[in-house]
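Participant: Input structure: upload01.tsv, which contains TSV, N, CA and C atoms.
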chain	number	residue	atom	x	y	z
A	1	MET	N	0.84	-1.18	0.00
A	1	MET	CA	0.00	0.00	0.00
A	1	MET	C	0.89	1.25	0.00
A	2	LYS	N	0.59	2.18	-0.86
A	2	LYS	CA	1.34	3.43	-0.97
A	2	LYS	C	0.88	4.39	0.15
A	3	THR	N	1.83	5.00	0.84
A	3	THR	CA	1.51	5.96	1.90
A	3	THR	C	1.90	7.36	1.48
A	4	GLU	N	0.96	8.29	1.67
A	4	GLU	CA	1.20	9.70	1.39
A	4	GLU	C	1.04	10.48	2.69
A	5	ILE	N	1.82	11.52	2.84
A	5	ILE	CA	1.71	12.41	3.99
A	5	ILE	C	1.04	13.70	3.53
A	6	PHE	N	0.01	14.12	4.24
A	6	PHE	CA	-0.66	15.38	3.93
A	6	PHE	C	-0.44	16.33	5.10
A	7	GLU	N	0.20	17.47	4.82
A	7	GLU	CA	0.46	18.48	5.84
A	7	GLU	C	-0.78	19.38	5.96
A	8	LEU	N	-1.43	19.31	7.09
A	8	LEU	CA	-2.67	20.06	7.32
A	8	LEU	C	-2.36	21.49	7.74
A	9	GLU	N	-2.97	22.43	7.06
A	9	GLU	CA	-2.89	23.84	7.44
A	9	GLU	C	-4.25	24.22	7.99
A	10	GLY	N	-4.31	24.60	9.24
A	10	GLY	CA	-5.59	24.91	9.88
A	10	GLY	C	-6.03	23.74	10.75
A	11	ASP	N	-7.29	23.79	11.19
A	11	ASP	CA	-7.81	22.79	12.11
A	11	ASP	C	-8.25	21.49	11.44
A	12	PHE	N	-8.79	21.60	10.22
A	12	PHE	CA	-9.31	20.41	9.54
A	12	PHE	C	-9.37	20.65	8.04
A	13	VAL	N	-9.59	19.55	7.30
A	13	VAL	CA	-9.87	19.62	5.86
A	13	VAL	C	-11.06	18.69	5.62
A	14	GLU	N	-11.96	19.09	4.73
A	14	GLU	CA	-13.10	18.23	4.40
A	14	GLU	C	-12.60	17.04	3.61
A	15	LEU	N	-13.21	15.89	3.85
A	15	LEU	CA	-12.75	14.64	3.24
A	15	LEU	C	-12.70	14.73	1.71
A	16	ASN	N	-13.75	15.25	1.08
A	16	ASN	CA	-13.74	15.32	-0.39
A	16	ASN	C	-12.61	16.22	-0.90
A	17	GLN	N	-12.29	17.29	-0.16
A	17	GLN	CA	-11.20	18.18	-0.55
A	17	GLN	C	-9.84	17.51	-0.34
A	18	LEU	N	-9.71	16.73	0.72
A	18	LEU	CA	-8.47	15.99	0.96
A	18	LEU	C	-8.18	15.04	-0.20
A	19	LEU	N	-9.20	14.36	-0.67
A	19	LEU	CA	-9.03	13.43	-1.79
A	19	LEU	C	-8.59	14.17	-3.05
A	20	LYS	N	-9.14	15.37	-3.25
A	20	LYS	CA	-8.74	16.19	-4.40
A	20	LYS	C	-7.30	16.68	-4.24
A	21	LEU	N	-6.97	17.20	-3.08
A	21	LEU	CA	-5.65	17.78	-2.85
A	21	LEU	C	-4.53	16.74	-2.90
A	22	THR	N	-4.85	15.48	-2.62
A	22	THR	CA	-3.82	14.43	-2.67
A	22	THR	C	-3.81	13.71	-4.01
A	23	GLY	N	-4.65	14.15	-4.96
A	23	GLY	CA	-4.63	13.57	-6.30
A	23	GLY	C	-5.38	12.27	-6.46
A	24	GLN	N	-6.24	11.93	-5.50
A	24	GLN	CA	-7.02	10.70	-5.60
A	24	GLN	C	-8.20	10.86	-6.55
A	25	CYS	N	-8.56	12.12	-6.83
A	25	CYS	CA	-9.63	12.42	-7.79
A	25	CYS	C	-9.36	13.81	-8.36
A	26	GLY	N	-10.06	14.16	-9.39
A	26	GLY	CA	-9.78	15.40	-10.10
A	26	GLY	C	-10.46	16.65	-9.56
A	27	SER	N	-11.51	16.46	-8.74
A	27	SER	CA	-12.24	17.62	-8.23
A	27	SER	C	-12.92	17.25	-6.92
A	28	GLY	N	-13.42	18.28	-6.23
A	28	GLY	CA	-14.16	18.03	-4.99
A	28	GLY	C	-15.42	17.23	-5.25
A	29	GLY	N	-16.07	17.49	-6.39
A	29	GLY	CA	-17.27	16.74	-6.74
A	29	GLY	C	-16.97	15.27	-6.98
A	30	ALA	N	-15.85	15.00	-7.64
A	30	ALA	CA	-15.44	13.61	-7.85
A	30	ALA	C	-15.09	12.97	-6.51
A	31	GLY	N	-14.54	13.77	-5.59
A	31	GLY	CA	-14.25	13.27	-4.25
A	31	GLY	C	-15.52	12.85	-3.52
A	32	LYS	N	-16.58	13.64	-3.69
A	32	LYS	CA	-17.86	13.30	-3.07
A	32	LYS	C	-18.39	11.97	-3.61
A	33	LEU	N	-18.25	11.78	-4.92
A	33	LEU	CA	-18.71	10.52	-5.53
A	33	LEU	C	-17.89	9.34	-5.02
A	34	LEU	N	-16.58	9.55	-4.86
A	34	LEU	CA	-15.71	8.50	-4.36
A	34	LEU	C	-16.12	8.09	-2.94
A	35	VAL	N	-16.38	9.09	-2.11
A	35	VAL	CA	-16.82	8.80	-0.73
A	35	VAL	C	-18.16	8.08	-0.75
A	36	ALA	N	-19.09	8.55	-1.57
A	36	ALA	CA	-20.42	7.95	-1.64
A	36	ALA	C	-20.38	6.50	-2.12
A	37	SER	N	-19.34	6.14	-2.88
A	37	SER	CA	-19.24	4.76	-3.38
A	37	SER	C	-18.86	3.77	-2.28
A	38	GLY	N	-18.41	4.29	-1.13
A	38	GLY	CA	-18.13	3.41	0.01
A	38	GLY	C	-16.73	2.86	0.08
A	39	VAL	N	-15.81	3.36	-0.73
A	39	VAL	CA	-14.44	2.80	-0.74
A	39	VAL	C	-13.46	3.58	0.13
A	40	VAL	N	-13.95	4.64	0.78
A	40	VAL	CA	-13.05	5.47	1.60
A	40	VAL	C	-13.22	5.11	3.07
A	41	LYS	N	-12.09	4.94	3.76
A	41	LYS	CA	-12.11	4.65	5.19
A	41	LYS	C	-11.32	5.72	5.93
A	42	VAL	N	-11.81	6.07	7.11
A	42	VAL	CA	-11.11	7.00	8.00
A	42	VAL	C	-10.82	6.25	9.29
A	43	ASP	N	-9.55	6.14	9.63
A	43	ASP	CA	-9.12	5.39	10.82
A	43	ASP	C	-9.68	3.97	10.82
A	44	GLY	N	-9.74	3.36	9.64
A	44	GLY	CA	-10.16	1.97	9.51
A	44	GLY	C	-11.65	1.72	9.38
A	45	ALA	N	-12.47	2.76	9.53
A	45	ALA	CA	-13.92	2.60	9.43
A	45	ALA	C	-14.44	3.29	8.17
A	46	GLN	N	-15.39	2.63	7.50
A	46	GLN	CA	-15.97	3.22	6.29
A	46	GLN	C	-16.57	4.58	6.62
A	47	GLU	N	-16.31	5.55	5.76
A	47	GLU	CA	-16.82	6.91	5.95
A	47	GLU	C	-17.68	7.30	4.76
A	48	LEU	N	-18.94	7.64	5.02
A	48	LEU	CA	-19.86	8.02	3.96
A	48	LEU	C	-20.22	9.50	3.99
A	49	ARG	N	-19.73	10.22	5.00
A	49	ARG	CA	-19.98	11.67	5.06
A	49	ARG	C	-18.96	12.36	4.16
A	50	LYS	N	-19.45	12.94	3.08
A	50	LYS	CA	-18.57	13.51	2.06
A	50	LYS	C	-17.73	14.67	2.58
A	51	THR	N	-18.27	15.44	3.50
A	51	THR	CA	-17.54	16.60	4.01
A	51	THR	C	-17.11	16.39	5.46
A	52	ALA	N	-16.84	15.15	5.82
A	52	ALA	CA	-16.37	14.85	7.18
A	52	ALA	C	-15.10	15.66	7.45
A	53	LYS	N	-14.98	16.17	8.65
A	53	LYS	CA	-13.81	16.98	9.02
A	53	LYS	C	-12.67	16.04	9.39
A	54	ILE	N	-11.60	16.11	8.61
A	54	ILE	CA	-10.42	15.28	8.85
A	54	ILE	C	-9.38	16.15	9.56
A	55	ARG	N	-8.91	15.65	10.68
A	55	ARG	CA	-7.97	16.42	11.51
A	55	ARG	C	-6.62	15.72	11.58
A	56	ALA	N	-5.62	16.46	12.06
A	56	ALA	CA	-4.28	15.90	12.20
A	56	ALA	C	-4.32	14.64	13.05
A	57	GLY	N	-3.56	13.63	12.64
A	57	GLY	CA	-3.51	12.36	13.35
A	57	GLY	C	-4.41	11.29	12.76
A	58	GLN	N	-5.31	11.67	11.88
A	58	GLN	CA	-6.20	10.69	11.26
A	58	GLN	C	-5.56	10.10	10.01
A	59	VAL	N	-6.02	8.89	9.67
A	59	VAL	CA	-5.51	8.18	8.49
A	59	VAL	C	-6.70	7.86	7.58
A	60	VAL	N	-6.58	8.25	6.31
A	60	VAL	CA	-7.62	8.00	5.31
A	60	VAL	C	-7.08	6.98	4.32
A	61	THR	N	-7.86	5.96	4.01
A	61	THR	CA	-7.45	4.98	3.01
A	61	THR	C	-8.51	4.89	1.92
A	62	THR	N	-8.04	4.71	0.71
A	62	THR	CA	-8.91	4.48	-0.43
A	62	THR	C	-8.13	3.65	-1.44
A	63	GLY	N	-8.70	2.54	-1.84
A	63	GLY	CA	-7.99	1.65	-2.76
A	63	GLY	C	-6.68	1.21	-2.15
A	64	SER	N	-5.58	1.44	-2.84
A	64	SER	CA	-4.28	1.03	-2.33
A	64	SER	C	-3.46	2.22	-1.83
A	65	VAL	N	-4.15	3.31	-1.46
A	65	VAL	CA	-3.46	4.52	-0.99
A	65	VAL	C	-3.85	4.80	0.45
A	66	ARG	N	-2.84	5.08	1.26
A	66	ARG	CA	-3.02	5.43	2.67
A	66	ARG	C	-2.53	6.87	2.84
A	67	ILE	N	-3.40	7.74	3.37
A	67	ILE	CA	-3.05	9.16	3.54
A	67	ILE	C	-2.97	9.46	5.04
A	68	GLU	N	-1.79	9.82	5.49
A	68	GLU	CA	-1.60	10.22	6.88
A	68	GLU	C	-1.70	11.72	6.96
A	69	VAL	N	-2.59	12.21	7.81
A	69	VAL	CA	-2.79	13.65	7.96
A	69	VAL	C	-1.99	14.12	9.17
A	70	ARG	N	-1.11	15.08	8.94
A	70	ARG	CA	-0.24	15.61	10.00
A	70	ARG	C	-0.38	17.11	10.09
A	71	ALA	N	-0.17	17.65	11.28
A	71	ALA	CA	-0.18	19.09	11.46
A	71	ALA	C	1.07	19.67	10.82
A	72	SER	N	0.94	20.84	10.21
A	72	SER	CA	2.11	21.45	9.56
A	72	SER	C	2.95	22.22	10.56
Hey, can you dump this file as structure tokens for me?

Facilitator:
Amino acid sequence: MKTEIFELEGDFVELNQLLKLTGQCGSGGAGKLLVASGVVKVDGAQELRKTAKIRAGQVVTTGSVRIEVRAS
């Protein structure tokens, strides 16, 4: 599984925007569709809330990509 590090600026990032910013999809709208399809997990649990607030210390996985969110 490929691991990416995302440096968080601010308190949180919305899940669909995180997927866009890390290149997992081309836009925030595509990120919403990806989340709705049920393939995105946050800290090991399926996440269906498209705009869930992702904070430093959380791990998002989709397909074969693992995204570690860290404070900048």

Participant: To test your reading of the structure, identify every residue in chain A that backbone DSSP assigns to alpha helix (DSSP H), and report it as a VMD selection string.

Facilitator: chain A and resid 15 to 21 28 to 36

Participant: Can you pull out the residues contacting Val13 of chain A? Cut-off 8 Å, using all atoms listed in the file, and skip same-chain residues under 3 positions away; I want them as an MDAnalysis selection string.

Facilitator: chainID A and resid 8:10 16:19 51:56

Participant: Using only C-alpha atoms, which residues sit within 7 Å of Glu4 of chain A once same-chain residues fewer than 5 positions away are excluded, as a PyMOL selection string?

Facilitator: chain A and resi 66-68

Participant: Enter the distance from atom C of Val42 of chain A to atom C of Thr61 of chain A, in Å, rounded to one decimal.

Facilitator: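 Pair atom C of Val42 of chain A / atom C of Thr61 of chain A returns 7.8 Å.
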
Participant: Please give the complete set of residues from segment 5-43 of chain A that DSSP, run on the backbone, assigns to strand (DSSP E), formatted as a list in words.

Facilitator: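 Assigned to strand (DSSP E), within segment 5-43 of chain A: Ile5, Phe6, Glu7, Leu8, Val13, Glu14, Val40, Lys41 and Val42 of chain A.
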
Participant: Which of these, A:Leu15, A:Val59, A:Leu21, A:Ile5, has the shortest distance to Ala45 of chain A once you count all atoms listed in the file?

Facilitator: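 Distance minimum relative to Ala45 of chain A lands on A:Val59.
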
Participant: What does the structure give for the distance between atom C of Gln58 of chain A and atom N of Leu34 of chain A, in Å to one decimal?

Facilitator: 18.5 Å

Participant: Can you work out the spacing between atom CA of Ser37 of chain A and atom C of Ala71 of chain A in Å, to one decimal?

Facilitator: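 Separating atom CA of Ser37 of chain A from atom C of Ala71 of chain A is a distance of 28.9 Å.
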
Participant: Looking at only C-alpha atoms, which of A:Lys2, A:Thr22, A:Asp11, A:Gly38 is the one that sits closest to Lys50 of chain A?

Facilitator: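 Looking only at the distances to Lys50 of chain A, the closest residue turns out to be A:Gly38.
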
Participant: If I wrap all listed atoms of segment 34-51 of chain A in a box with edges along x, y and z and add 4 Å on each side, what are its centre and edge lengths in Å to one decimal, as AutoDock Vina command-line options?

Facilitator:
--center_x -14.8 --center_y 9.2 --center_z 3.0 --size_x 19.3 --size_y 22.9 --size_z 23.7
